[in-house]
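Enquirer: Structure supplied as query25.cif; contents: mmCIF, N, CA and C atoms.
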data_final
#
loop_
_atom_site.label_atom_id
_atom_site.label_comp_id
_atom_site.auth_asym_id
_atom_site.auth_seq_id
_atom_site.Cartn_x
_atom_site.Cartn_y
_atom_site.Cartn_z
N MET A 9 64.67 -19.55 -25.14
CA MET A 9 63.51 -19.46 -24.28
C MET A 9 62.23 -19.69 -25.08
N TYR A 10 62.22 -19.31 -26.36
CA TYR A 10 61.01 -19.47 -27.17
C TYR A 10 61.17 -20.70 -28.04
N HIS A 11 60.22 -21.62 -27.93
CA HIS A 11 60.29 -22.86 -28.69
C HIS A 11 59.06 -23.06 -29.56
N GLY A 12 58.32 -22.01 -29.81
CA GLY A 12 57.11 -22.10 -30.63
C GLY A 12 57.42 -21.88 -32.09
N PRO A 13 56.39 -21.60 -32.87
CA PRO A 13 56.59 -21.36 -34.30
C PRO A 13 57.43 -20.11 -34.53
N LYS A 14 58.04 -20.04 -35.70
CA LYS A 14 58.84 -18.86 -36.05
C LYS A 14 57.95 -17.63 -36.01
N LEU A 15 58.45 -16.59 -35.36
CA LEU A 15 57.68 -15.35 -35.25
C LEU A 15 57.76 -14.56 -36.54
N PRO A 16 56.68 -13.86 -36.91
CA PRO A 16 56.70 -13.05 -38.12
C PRO A 16 57.76 -11.95 -37.99
N PRO A 17 58.49 -11.65 -39.07
CA PRO A 17 59.54 -10.63 -39.01
C PRO A 17 59.06 -9.27 -38.48
N LEU A 18 57.80 -8.92 -38.76
CA LEU A 18 57.30 -7.62 -38.31
C LEU A 18 57.06 -7.55 -36.80
N ALA A 19 57.07 -8.70 -36.13
CA ALA A 19 56.81 -8.72 -34.69
C ALA A 19 57.92 -9.39 -33.87
N ALA A 20 58.88 -10.03 -34.52
CA ALA A 20 59.92 -10.78 -33.80
C ALA A 20 60.72 -9.89 -32.85
N HIS A 21 60.91 -8.64 -33.22
CA HIS A 21 61.68 -7.73 -32.36
C HIS A 21 60.98 -7.50 -31.02
N ILE A 22 59.66 -7.60 -31.00
CA ILE A 22 58.90 -7.41 -29.76
C ILE A 22 59.33 -8.45 -28.72
N TRP A 23 59.48 -9.69 -29.16
CA TRP A 23 59.90 -10.77 -28.26
C TRP A 23 61.27 -10.45 -27.65
N THR A 24 62.20 -10.03 -28.49
CA THR A 24 63.55 -9.70 -28.03
C THR A 24 63.50 -8.55 -27.03
N TRP A 25 62.72 -7.52 -27.34
CA TRP A 25 62.62 -6.38 -26.44
C TRP A 25 61.97 -6.77 -25.13
N TRP A 26 60.93 -7.61 -25.20
CA TRP A 26 60.26 -8.05 -23.97
C TRP A 26 61.23 -8.85 -23.09
N LEU A 27 62.02 -9.73 -23.70
CA LEU A 27 63.02 -10.48 -22.93
C LEU A 27 64.00 -9.54 -22.25
N ASP A 28 64.42 -8.52 -22.95
CA ASP A 28 65.33 -7.52 -22.39
C ASP A 28 64.69 -6.83 -21.19
N LEU A 29 63.44 -6.46 -21.33
CA LEU A 29 62.71 -5.82 -20.23
C LEU A 29 62.51 -6.77 -19.06
N CYS A 30 62.29 -8.04 -19.34
CA CYS A 30 62.11 -9.03 -18.26
C CYS A 30 63.33 -9.10 -17.36
N ALA A 31 64.49 -8.90 -17.94
CA ALA A 31 65.73 -8.96 -17.16
C ALA A 31 65.81 -7.83 -16.13
N THR A 32 64.99 -6.79 -16.31
CA THR A 32 65.00 -5.66 -15.37
C THR A 32 63.79 -5.68 -14.44
N ARG A 33 62.99 -6.73 -14.53
CA ARG A 33 61.77 -6.84 -13.74
C ARG A 33 62.10 -6.82 -12.24
N PRO A 34 61.41 -6.00 -11.46
CA PRO A 34 61.66 -6.00 -10.01
C PRO A 34 61.19 -7.31 -9.37
N VAL A 35 61.95 -7.76 -8.40
CA VAL A 35 61.60 -8.97 -7.66
C VAL A 35 61.07 -8.54 -6.30
N THR A 36 59.83 -8.94 -5.99
CA THR A 36 59.21 -8.51 -4.74
C THR A 36 58.96 -9.65 -3.77
N GLY A 37 59.08 -10.88 -4.23
CA GLY A 37 58.77 -12.02 -3.38
C GLY A 37 57.29 -12.33 -3.33
N MET A 38 56.50 -11.58 -4.08
CA MET A 38 55.04 -11.77 -4.09
C MET A 38 54.57 -12.17 -5.48
N GLY A 39 55.34 -12.99 -6.16
CA GLY A 39 54.98 -13.38 -7.51
C GLY A 39 55.67 -12.49 -8.52
N VAL A 40 55.35 -12.69 -9.77
CA VAL A 40 55.97 -11.94 -10.86
C VAL A 40 55.35 -10.55 -10.93
N SER A 41 56.20 -9.55 -10.81
CA SER A 41 55.74 -8.16 -10.88
C SER A 41 55.56 -7.75 -12.34
N PRO A 42 54.58 -6.91 -12.61
CA PRO A 42 54.41 -6.42 -13.97
C PRO A 42 55.53 -5.46 -14.35
N ILE A 43 55.82 -5.41 -15.64
CA ILE A 43 56.73 -4.39 -16.15
C ILE A 43 55.90 -3.12 -16.29
N SER A 44 56.35 -2.06 -15.65
CA SER A 44 55.57 -0.82 -15.66
C SER A 44 55.90 0.04 -16.88
N ARG A 45 55.01 0.96 -17.15
CA ARG A 45 55.26 1.92 -18.23
C ARG A 45 56.50 2.75 -17.93
N LEU A 46 56.75 3.06 -16.67
CA LEU A 46 57.96 3.81 -16.32
C LEU A 46 59.22 3.01 -16.61
N GLU A 47 59.17 1.70 -16.33
CA GLU A 47 60.32 0.85 -16.66
C GLU A 47 60.54 0.78 -18.16
N ILE A 48 59.44 0.74 -18.91
CA ILE A 48 59.54 0.73 -20.37
C ILE A 48 60.15 2.04 -20.85
N GLN A 49 59.71 3.16 -20.29
CA GLN A 49 60.26 4.46 -20.69
C GLN A 49 61.76 4.54 -20.40
N ALA A 50 62.17 4.04 -19.24
CA ALA A 50 63.60 4.05 -18.89
C ALA A 50 64.38 3.16 -19.86
N TRP A 51 63.83 2.01 -20.19
CA TRP A 51 64.48 1.10 -21.14
C TRP A 51 64.61 1.76 -22.51
N GLU A 52 63.53 2.43 -22.95
CA GLU A 52 63.58 3.14 -24.23
C GLU A 52 64.72 4.17 -24.24
N ALA A 53 64.84 4.93 -23.16
CA ALA A 53 65.89 5.95 -23.08
C ALA A 53 67.27 5.31 -23.09
N ASP A 54 67.44 4.23 -22.34
CA ASP A 54 68.73 3.54 -22.28
C ASP A 54 69.13 2.96 -23.63
N GLU A 55 68.16 2.39 -24.33
CA GLU A 55 68.42 1.72 -25.60
C GLU A 55 68.33 2.65 -26.80
N GLU A 56 67.90 3.89 -26.55
CA GLU A 56 67.69 4.87 -27.63
C GLU A 56 66.72 4.32 -28.68
N ILE A 57 65.63 3.76 -28.16
CA ILE A 57 64.55 3.21 -28.98
C ILE A 57 63.27 3.93 -28.60
N GLU A 58 62.49 4.31 -29.58
CA GLU A 58 61.18 4.89 -29.30
C GLU A 58 60.11 3.92 -29.80
N LEU A 59 59.43 3.28 -28.85
CA LEU A 59 58.39 2.34 -29.21
C LEU A 59 57.19 3.05 -29.81
N THR A 60 56.56 2.40 -30.75
CA THR A 60 55.28 2.91 -31.24
C THR A 60 54.22 2.51 -30.22
N PRO A 61 53.06 3.14 -30.23
CA PRO A 61 51.99 2.72 -29.32
C PRO A 61 51.65 1.24 -29.49
N TRP A 62 51.64 0.74 -30.72
CA TRP A 62 51.34 -0.68 -30.97
C TRP A 62 52.39 -1.57 -30.29
N GLU A 63 53.66 -1.22 -30.41
CA GLU A 63 54.71 -2.02 -29.80
C GLU A 63 54.60 -2.01 -28.28
N ARG A 64 54.32 -0.84 -27.71
CA ARG A 64 54.18 -0.73 -26.25
C ARG A 64 53.01 -1.56 -25.75
N ARG A 65 51.86 -1.45 -26.43
CA ARG A 65 50.69 -2.23 -26.03
C ARG A 65 50.96 -3.73 -26.14
N THR A 66 51.66 -4.12 -27.18
CA THR A 66 51.97 -5.54 -27.38
C THR A 66 52.88 -6.05 -26.28
N ILE A 67 53.88 -5.29 -25.90
CA ILE A 67 54.77 -5.69 -24.81
C ILE A 67 53.99 -5.81 -23.51
N LEU A 68 53.12 -4.87 -23.23
CA LEU A 68 52.32 -4.92 -22.00
C LEU A 68 51.37 -6.12 -22.01
N ARG A 69 50.78 -6.43 -23.16
CA ARG A 69 49.88 -7.59 -23.26
C ARG A 69 50.66 -8.89 -23.12
N LEU A 70 51.81 -8.96 -23.76
CA LEU A 70 52.66 -10.14 -23.63
C LEU A 70 53.05 -10.36 -22.19
N ASP A 71 53.38 -9.28 -21.50
CA ASP A 71 53.75 -9.37 -20.09
C ASP A 71 52.57 -9.86 -19.24
N ALA A 72 51.37 -9.38 -19.54
CA ALA A 72 50.19 -9.81 -18.80
C ALA A 72 49.93 -11.31 -19.00
N VAL A 73 50.08 -11.78 -20.23
CA VAL A 73 49.89 -13.21 -20.50
C VAL A 73 50.95 -14.03 -19.76
N PHE A 74 52.19 -13.55 -19.77
CA PHE A 74 53.27 -14.24 -19.06
C PHE A 74 52.97 -14.34 -17.57
N ARG A 75 52.54 -13.23 -16.97
CA ARG A 75 52.25 -13.23 -15.53
C ARG A 75 51.08 -14.15 -15.20
N THR A 76 50.08 -14.19 -16.06
CA THR A 76 48.94 -15.09 -15.85
C THR A 76 49.40 -16.54 -15.91
N ALA A 77 50.24 -16.86 -16.86
CA ALA A 77 50.76 -18.23 -16.98
C ALA A 77 51.61 -18.58 -15.76
N GLN A 78 52.41 -17.66 -15.28
CA GLN A 78 53.24 -17.90 -14.11
C GLN A 78 52.37 -18.13 -12.86
N ALA A 79 51.31 -17.36 -12.74
CA ALA A 79 50.42 -17.48 -11.58
C ALA A 79 49.69 -18.83 -11.58
N SER A 80 49.34 -19.31 -12.77
CA SER A 80 48.62 -20.58 -12.82
C SER A 80 49.55 -21.77 -12.63
N ASP A 81 50.87 -21.57 -12.85
CA ASP A 81 51.85 -22.64 -12.60
C ASP A 81 52.16 -22.79 -11.14
N GLY A 82 52.06 -21.69 -10.40
CA GLY A 82 52.51 -21.67 -9.02
C GLY A 82 51.50 -22.17 -8.07
#
Show me, as structure tokens, the structure contained in the file I just sent.
Expert:
Amino acid sequence: MYHGPKLPPLAAHIWTWWLDLCATRPVTGMGVSPISRLEIQAWEADEEIELTPWERRTILRLDAVFRTAQASDG
């Protein structure tokens, strides 16, 4: 899915985690829904991962950029 430059090792895991969260994104028929903090918390519990605040903010920002790009394509 990612065809850009190689991601830095310190951040590459964020992309993988975001893709995992995208697979659980609710479908509403009204465009791409945001991944909520509650969905992130549930994912953390399921995966036994505790995100740092930086990782959580980065996932939320990445998701916002993705949704903006999807909205401009449609």
Enquirer: May I ask which of the residues A:Asp71, A:Asp28, A:Ala19, A:Gly37 is the closest one to Glu55 of chain A, counting only C-alpha atoms?
Expert: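 Of A:Asp71, A:Asp28, A:Ala19, A:Gly37, the one nearest Glu55 of chain A is A:Asp28, counting only C-alpha atoms.
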Enquirer: Can you tell me how far atom C of Val40 of chain A sits from atom N of Glu58 of chain A, in Å to one decimal?
Expert: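 Atom C of Val40 of chain A sits 24.9 Å away from atom N of Glu58 of chain A.
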Enquirer: Between atom CA of Gln49 of chain A and atom CA of Pro13 of chain A, what distance in Å does the model show, to one decimal?
Expert: 29.4 Å
Enquirer: Let me make sure I understand: among A:Leu29, A:Leu15, A:Glu63, A:Ala72, which one has the smallest atom-to-atom distance to Ala50 of chain A if we use only C-alpha atoms?
Expert: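 Nearest candidate to Ala50 of chain A out of A:Leu29, A:Leu15, A:Glu63, A:Ala72: A:Leu29.
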Enquirer: Quick one, how far is atom N of Arg45 of chain A from atom CA of Cys30 of chain A?
Expert: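 The value is 12.3 Å.
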Enquirer: Do you know which residues are at most 8 Å from Gly39 of chain A counting all atoms listed in the file, after dropping those on the same chain fewer than 5 positions away, and could you put them as number ranges by chain?
Expert: A: 34, 75, 78-79
Enquirer: Can you tell me, as an MDAnalysis selection string, which residues in chain A count as helix (DSSP H, G or I) by DSSP?
Expert: chainID A and resid 20:30 45:55 61:81
Enquirer: Generate a file of the selected residues that holds N, CA and C atoms, formatted as a CSV table (one decimal), in the frame of the given file.
Expert:
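Full text of selection_37.csv as output:
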chain,number,residue,atom,x,y,z
A,20,ALA,N,58.9,-10.0,-34.5
A,20,ALA,CA,59.9,-10.8,-33.8
A,20,ALA,C,60.7,-9.9,-32.8
A,21,HIS,N,60.9,-8.6,-33.2
A,21,HIS,CA,61.7,-7.7,-32.4
A,21,HIS,C,61.0,-7.5,-31.0
A,22,ILE,N,59.7,-7.6,-31.0
A,22,ILE,CA,58.9,-7.4,-29.8
A,22,ILE,C,59.3,-8.4,-28.7
A,23,TRP,N,59.5,-9.7,-29.2
A,23,TRP,CA,59.9,-10.8,-28.3
A,23,TRP,C,61.3,-10.4,-27.6
A,24,THR,N,62.2,-10.0,-28.5
A,24,THR,CA,63.6,-9.7,-28.0
A,24,THR,C,63.5,-8.6,-27.0
A,25,TRP,N,62.7,-7.5,-27.3
A,25,TRP,CA,62.6,-6.4,-26.4
A,25,TRP,C,62.0,-6.8,-25.1
A,26,TRP,N,60.9,-7.6,-25.2
A,26,TRP,CA,60.3,-8.0,-24.0
A,26,TRP,C,61.2,-8.8,-23.1
A,27,LEU,N,62.0,-9.7,-23.7
A,27,LEU,CA,63.0,-10.5,-22.9
A,27,LEU,C,64.0,-9.5,-22.2
A,28,ASP,N,64.4,-8.5,-23.0
A,28,ASP,CA,65.3,-7.5,-22.4
A,28,ASP,C,64.7,-6.8,-21.2
A,29,LEU,N,63.4,-6.5,-21.3
A,29,LEU,CA,62.7,-5.8,-20.2
A,29,LEU,C,62.5,-6.8,-19.1
A,30,CYS,N,62.3,-8.0,-19.3
A,30,CYS,CA,62.1,-9.0,-18.3
A,30,CYS,C,63.3,-9.1,-17.4
A,45,ARG,N,55.0,1.0,-17.2
A,45,ARG,CA,55.3,1.9,-18.2
A,45,ARG,C,56.5,2.8,-17.9
A,46,LEU,N,56.8,3.1,-16.7
A,46,LEU,CA,58.0,3.8,-16.3
A,46,LEU,C,59.2,3.0,-16.6
A,47,GLU,N,59.2,1.7,-16.3
A,47,GLU,CA,60.3,0.8,-16.7
A,47,GLU,C,60.5,0.8,-18.2
A,48,ILE,N,59.4,0.7,-18.9
A,48,ILE,CA,59.5,0.7,-20.4
A,48,ILE,C,60.2,2.0,-20.8
A,49,GLN,N,59.7,3.2,-20.3
A,49,GLN,CA,60.3,4.5,-20.7
A,49,GLN,C,61.8,4.5,-20.4
A,50,ALA,N,62.2,4.0,-19.2
A,50,ALA,CA,63.6,4.0,-18.9
A,50,ALA,C,64.4,3.2,-19.9
A,51,TRP,N,63.8,2.0,-20.2
A,51,TRP,CA,64.5,1.1,-21.1
A,51,TRP,C,64.6,1.8,-22.5
A,52,GLU,N,63.5,2.4,-23.0
A,52,GLU,CA,63.6,3.1,-24.2
A,52,GLU,C,64.7,4.2,-24.2
A,53,ALA,N,64.8,4.9,-23.2
A,53,ALA,CA,65.9,6.0,-23.1
A,53,ALA,C,67.3,5.3,-23.1
A,54,ASP,N,67.4,4.2,-22.3
A,54,ASP,CA,68.7,3.5,-22.3
A,54,ASP,C,69.1,3.0,-23.6
A,55,GLU,N,68.2,2.4,-24.3
A,55,GLU,CA,68.4,1.7,-25.6
A,55,GLU,C,68.3,2.6,-26.8
A,61,PRO,N,53.1,3.1,-30.2
A,61,PRO,CA,52.0,2.7,-29.3
A,61,PRO,C,51.6,1.2,-29.5
A,62,TRP,N,51.6,0.7,-30.7
A,62,TRP,CA,51.3,-0.7,-31.0
A,62,TRP,C,52.4,-1.6,-30.3
A,63,GLU,N,53.7,-1.2,-30.4
A,63,GLU,CA,54.7,-2.0,-29.8
A,63,GLU,C,54.6,-2.0,-28.3
A,64,ARG,N,54.3,-0.8,-27.7
A,64,ARG,CA,54.2,-0.7,-26.2
A,64,ARG,C,53.0,-1.6,-25.8
A,65,ARG,N,51.9,-1.4,-26.4
A,65,ARG,CA,50.7,-2.2,-26.0
A,65,ARG,C,51.0,-3.7,-26.1
A,66,THR,N,51.7,-4.1,-27.2
A,66,THR,CA,52.0,-5.5,-27.4
A,66,THR,C,52.9,-6.0,-26.3
A,67,ILE,N,53.9,-5.3,-25.9
A,67,ILE,CA,54.8,-5.7,-24.8
A,67,ILE,C,54.0,-5.8,-23.5
A,68,LEU,N,53.1,-4.9,-23.2
A,68,LEU,CA,52.3,-4.9,-22.0
A,68,LEU,C,51.4,-6.1,-22.0
A,69,ARG,N,50.8,-6.4,-23.2
A,69,ARG,CA,49.9,-7.6,-23.3
A,69,ARG,C,50.7,-8.9,-23.1
A,70,LEU,N,51.8,-9.0,-23.8
A,70,LEU,CA,52.7,-10.1,-23.6
A,70,LEU,C,53.0,-10.4,-22.2
A,71,ASP,N,53.4,-9.3,-21.5
A,71,ASP,CA,53.8,-9.4,-20.1
A,71,ASP,C,52.6,-9.9,-19.2
A,72,ALA,N,51.4,-9.4,-19.5
A,72,ALA,CA,50.2,-9.8,-18.8
A,72,ALA,C,49.9,-11.3,-19.0
A,73,VAL,N,50.1,-11.8,-20.2
A,73,VAL,CA,49.9,-13.2,-20.5
A,73,VAL,C,51.0,-14.0,-19.8
A,74,PHE,N,52.2,-13.6,-19.8
A,74,PHE,CA,53.3,-14.2,-19.1
A,74,PHE,C,53.0,-14.3,-17.6
A,75,ARG,N,52.5,-13.2,-17.0
A,75,ARG,CA,52.2,-13.2,-15.5
A,75,ARG,C,51.1,-14.2,-15.2
A,76,THR,N,50.1,-14.2,-16.1
A,76,THR,CA,48.9,-15.1,-15.8
A,76,THR,C,49.4,-16.5,-15.9
A,77,ALA,N,50.2,-16.9,-16.9
A,77,ALA,CA,50.8,-18.2,-17.0
A,77,ALA,C,51.6,-18.6,-15.8
A,78,GLN,N,52.4,-17.7,-15.3
A,78,GLN,CA,53.2,-17.9,-14.1
A,78,GLN,C,52.4,-18.1,-12.9
A,79,ALA,N,51.3,-17.4,-12.7
A,79,ALA,CA,50.4,-17.5,-11.6
A,79,ALA,C,49.7,-18.8,-11.6
A,80,SER,N,49.3,-19.3,-12.8
A,80,SER,CA,48.6,-20.6,-12.8
A,80,SER,C,49.6,-21.8,-12.6
A,81,ASP,N,50.9,-21.6,-12.8
A,81,ASP,CA,51.8,-22.6,-12.6
A,81,ASP,C,52.2,-22.8,-11.1
Enquirer: Give me, as a VMD selection string, all polymer residues having an atom no more than 8 Å from Thr32 of chain A, counting only N, CA and C atoms and skipping those fewer than 4 positions away in the same chain.
Expert: chain A and resid 27 to 28 43 47
Enquirer: Rank A:Ser44, A:Thr66, A:Thr76, A:Thr36 by their smallest atom-to-atom distance to Ile22 of chain A, using all atoms listed in the file, and report the top residue only.
Expert: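 Nearest candidate to Ile22 of chain A out of A:Ser44, A:Thr66, A:Thr76, A:Thr36: A:Thr66.
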Enquirer: Give the answer as one residue: which of A:Val73, A:Leu68, A:Leu59, A:Met38 has the shortest atom-to-atom distance to Trp26 of chain A, using all atoms listed in the file?
Expert: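 Looking only at the distances to Trp26 of chain A, the closest residue turns out to be A:Leu68.
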Enquirer: Just chain A, please, as a PDB file, in the first residue's frame (only C-alpha atoms).
Expert:
ATOM      1  CA  MET A   9       0.000   0.000   0.000  1.00  0.00           C
ATOM      2  CA  TYR A  10       2.928   2.367   0.670  1.00  0.00           C
ATOM      3  CA  HIS A  11       5.067   3.202  -2.348  1.00  0.00           C
ATOM      4  CA  GLY A  12       6.939   6.246  -1.057  1.00  0.00           C
ATOM      5  CA  PRO A  13      10.425   6.563   0.365  1.00  0.00           C
ATOM      6  CA  LYS A  14      11.612   4.112   2.999  1.00  0.00           C
ATOM      7  CA  LEU A  15      10.220   5.120   6.368  1.00  0.00           C
ATOM      8  CA  PRO A  16      12.652   5.848   9.212  1.00  0.00           C
ATOM      9  CA  PRO A  17      12.989   2.848  11.572  1.00  0.00           C
ATOM     10  CA  LEU A  18      11.827   4.950  14.540  1.00  0.00           C
ATOM     11  CA  ALA A  19       8.485   5.658  12.835  1.00  0.00           C
ATOM     12  CA  ALA A  20       7.890   2.706  10.466  1.00  0.00           C
ATOM     13  CA  HIS A  21       5.853   0.848  13.089  1.00  0.00           C
ATOM     14  CA  ILE A  22       3.330   3.721  13.102  1.00  0.00           C
ATOM     15  CA  TRP A  23       2.439   2.972   9.474  1.00  0.00           C
ATOM     16  CA  THR A  24       1.893  -0.720  10.261  1.00  0.00           C
ATOM     17  CA  TRP A  25      -0.242   0.103  13.291  1.00  0.00           C
ATOM     18  CA  TRP A  26      -2.284   2.657  11.341  1.00  0.00           C
ATOM     19  CA  LEU A  27      -2.953   0.079   8.599  1.00  0.00           C
ATOM     20  CA  ASP A  28      -4.098  -2.366  11.267  1.00  0.00           C
ATOM     21  CA  LEU A  29      -6.453   0.253  12.709  1.00  0.00           C
ATOM     22  CA  CYS A  30      -7.774   1.115   9.234  1.00  0.00           C
ATOM     23  CA  ALA A  31      -8.995  -2.451   8.887  1.00  0.00           C
ATOM     24  CA  THR A  32     -11.328  -1.820  11.847  1.00  0.00           C
ATOM     25  CA  ARG A  33     -12.611   1.533  10.589  1.00  0.00           C
ATOM     26  CA  PRO A  34     -16.419   1.767  10.744  1.00  0.00           C
ATOM     27  CA  VAL A  35     -18.186   2.083   7.405  1.00  0.00           C
ATOM     28  CA  THR A  36     -21.057   4.575   7.475  1.00  0.00           C
ATOM     29  CA  GLY A  37     -21.731   5.253   3.810  1.00  0.00           C
ATOM     30  CA  MET A  38     -20.959   8.929   4.410  1.00  0.00           C
ATOM     31  CA  GLY A  39     -17.297   8.924   3.450  1.00  0.00           C
ATOM     32  CA  VAL A  40     -14.302   7.716   5.407  1.00  0.00           C
ATOM     33  CA  SER A  41     -14.970   7.746   9.138  1.00  0.00           C
ATOM     34  CA  PRO A  42     -12.207   8.843  11.483  1.00  0.00           C
ATOM     35  CA  ILE A  43     -10.515   6.323  13.729  1.00  0.00           C
ATOM     36  CA  SER A  44     -11.619   7.317  17.216  1.00  0.00           C
ATOM     37  CA  ARG A  45      -9.584   7.365  20.394  1.00  0.00           C
ATOM     38  CA  LEU A  46     -11.900   4.655  21.742  1.00  0.00           C
ATOM     39  CA  GLU A  47     -11.103   2.440  18.752  1.00  0.00           C
ATOM     40  CA  ILE A  48      -7.408   3.062  19.348  1.00  0.00           C
ATOM     41  CA  GLN A  49      -7.800   2.132  23.029  1.00  0.00           C
ATOM     42  CA  ALA A  50      -9.601  -1.098  22.099  1.00  0.00           C
ATOM     43  CA  TRP A  51      -6.885  -1.914  19.555  1.00  0.00           C
ATOM     44  CA  GLU A  52      -4.188  -1.268  22.177  1.00  0.00           C
ATOM     45  CA  ALA A  53      -5.917  -3.668  24.585  1.00  0.00           C
ATOM     46  CA  ASP A  54      -6.351  -6.338  21.903  1.00  0.00           C
ATOM     47  CA  GLU A  55      -2.741  -6.081  20.733  1.00  0.00           C
ATOM     48  CA  GLU A  56      -1.305  -5.603  24.237  1.00  0.00           C
ATOM     49  CA  ILE A  57       0.435  -2.447  23.046  1.00  0.00           C
ATOM     50  CA  GLU A  58       0.555   0.818  24.956  1.00  0.00           C
ATOM     51  CA  LEU A  59       1.029   3.738  22.601  1.00  0.00           C
ATOM     52  CA  THR A  60       3.017   6.720  23.716  1.00  0.00           C
ATOM     53  CA  PRO A  61       1.281  10.097  23.386  1.00  0.00           C
ATOM     54  CA  TRP A  62       3.540  10.849  20.383  1.00  0.00           C
ATOM     55  CA  GLU A  63       2.525   7.614  18.650  1.00  0.00           C
ATOM     56  CA  ARG A  64      -1.183   8.230  19.309  1.00  0.00           C
ATOM     57  CA  ARG A  65      -1.006  11.806  18.006  1.00  0.00           C
ATOM     58  CA  THR A  66       0.891  10.643  14.922  1.00  0.00           C
ATOM     59  CA  ILE A  67      -1.705   7.964  14.144  1.00  0.00           C
ATOM     60  CA  LEU A  68      -4.522  10.497  14.536  1.00  0.00           C
ATOM     61  CA  ARG A  69      -2.720  13.017  12.287  1.00  0.00           C
ATOM     62  CA  LEU A  70      -1.974  10.362   9.683  1.00  0.00           C
ATOM     63  CA  ASP A  71      -5.631   9.392   9.732  1.00  0.00           C
ATOM     64  CA  ALA A  72      -6.703  13.023   9.285  1.00  0.00           C
ATOM     65  CA  VAL A  73      -4.395  13.422   6.277  1.00  0.00           C
ATOM     66  CA  PHE A  74      -5.736  10.173   4.794  1.00  0.00           C
ATOM     67  CA  ARG A  75      -9.353  11.293   5.212  1.00  0.00           C
ATOM     68  CA  THR A  76      -8.594  14.679   3.644  1.00  0.00           C
ATOM     69  CA  ALA A  77      -6.967  12.981   0.658  1.00  0.00           C
ATOM     70  CA  GLN A  78      -9.931  10.611   0.308  1.00  0.00           C
ATOM     71  CA  ALA A  79     -12.398  13.518   0.435  1.00  0.00           C
ATOM     72  CA  SER A  80     -10.547  15.420  -2.280  1.00  0.00           C
ATOM     73  CA  ASP A  81     -10.499  12.322  -4.533  1.00  0.00           C
ATOM     74  CA  GLY A  82     -14.215  11.768  -4.269  1.00  0.00           C
TER      75      GLY A  82
END
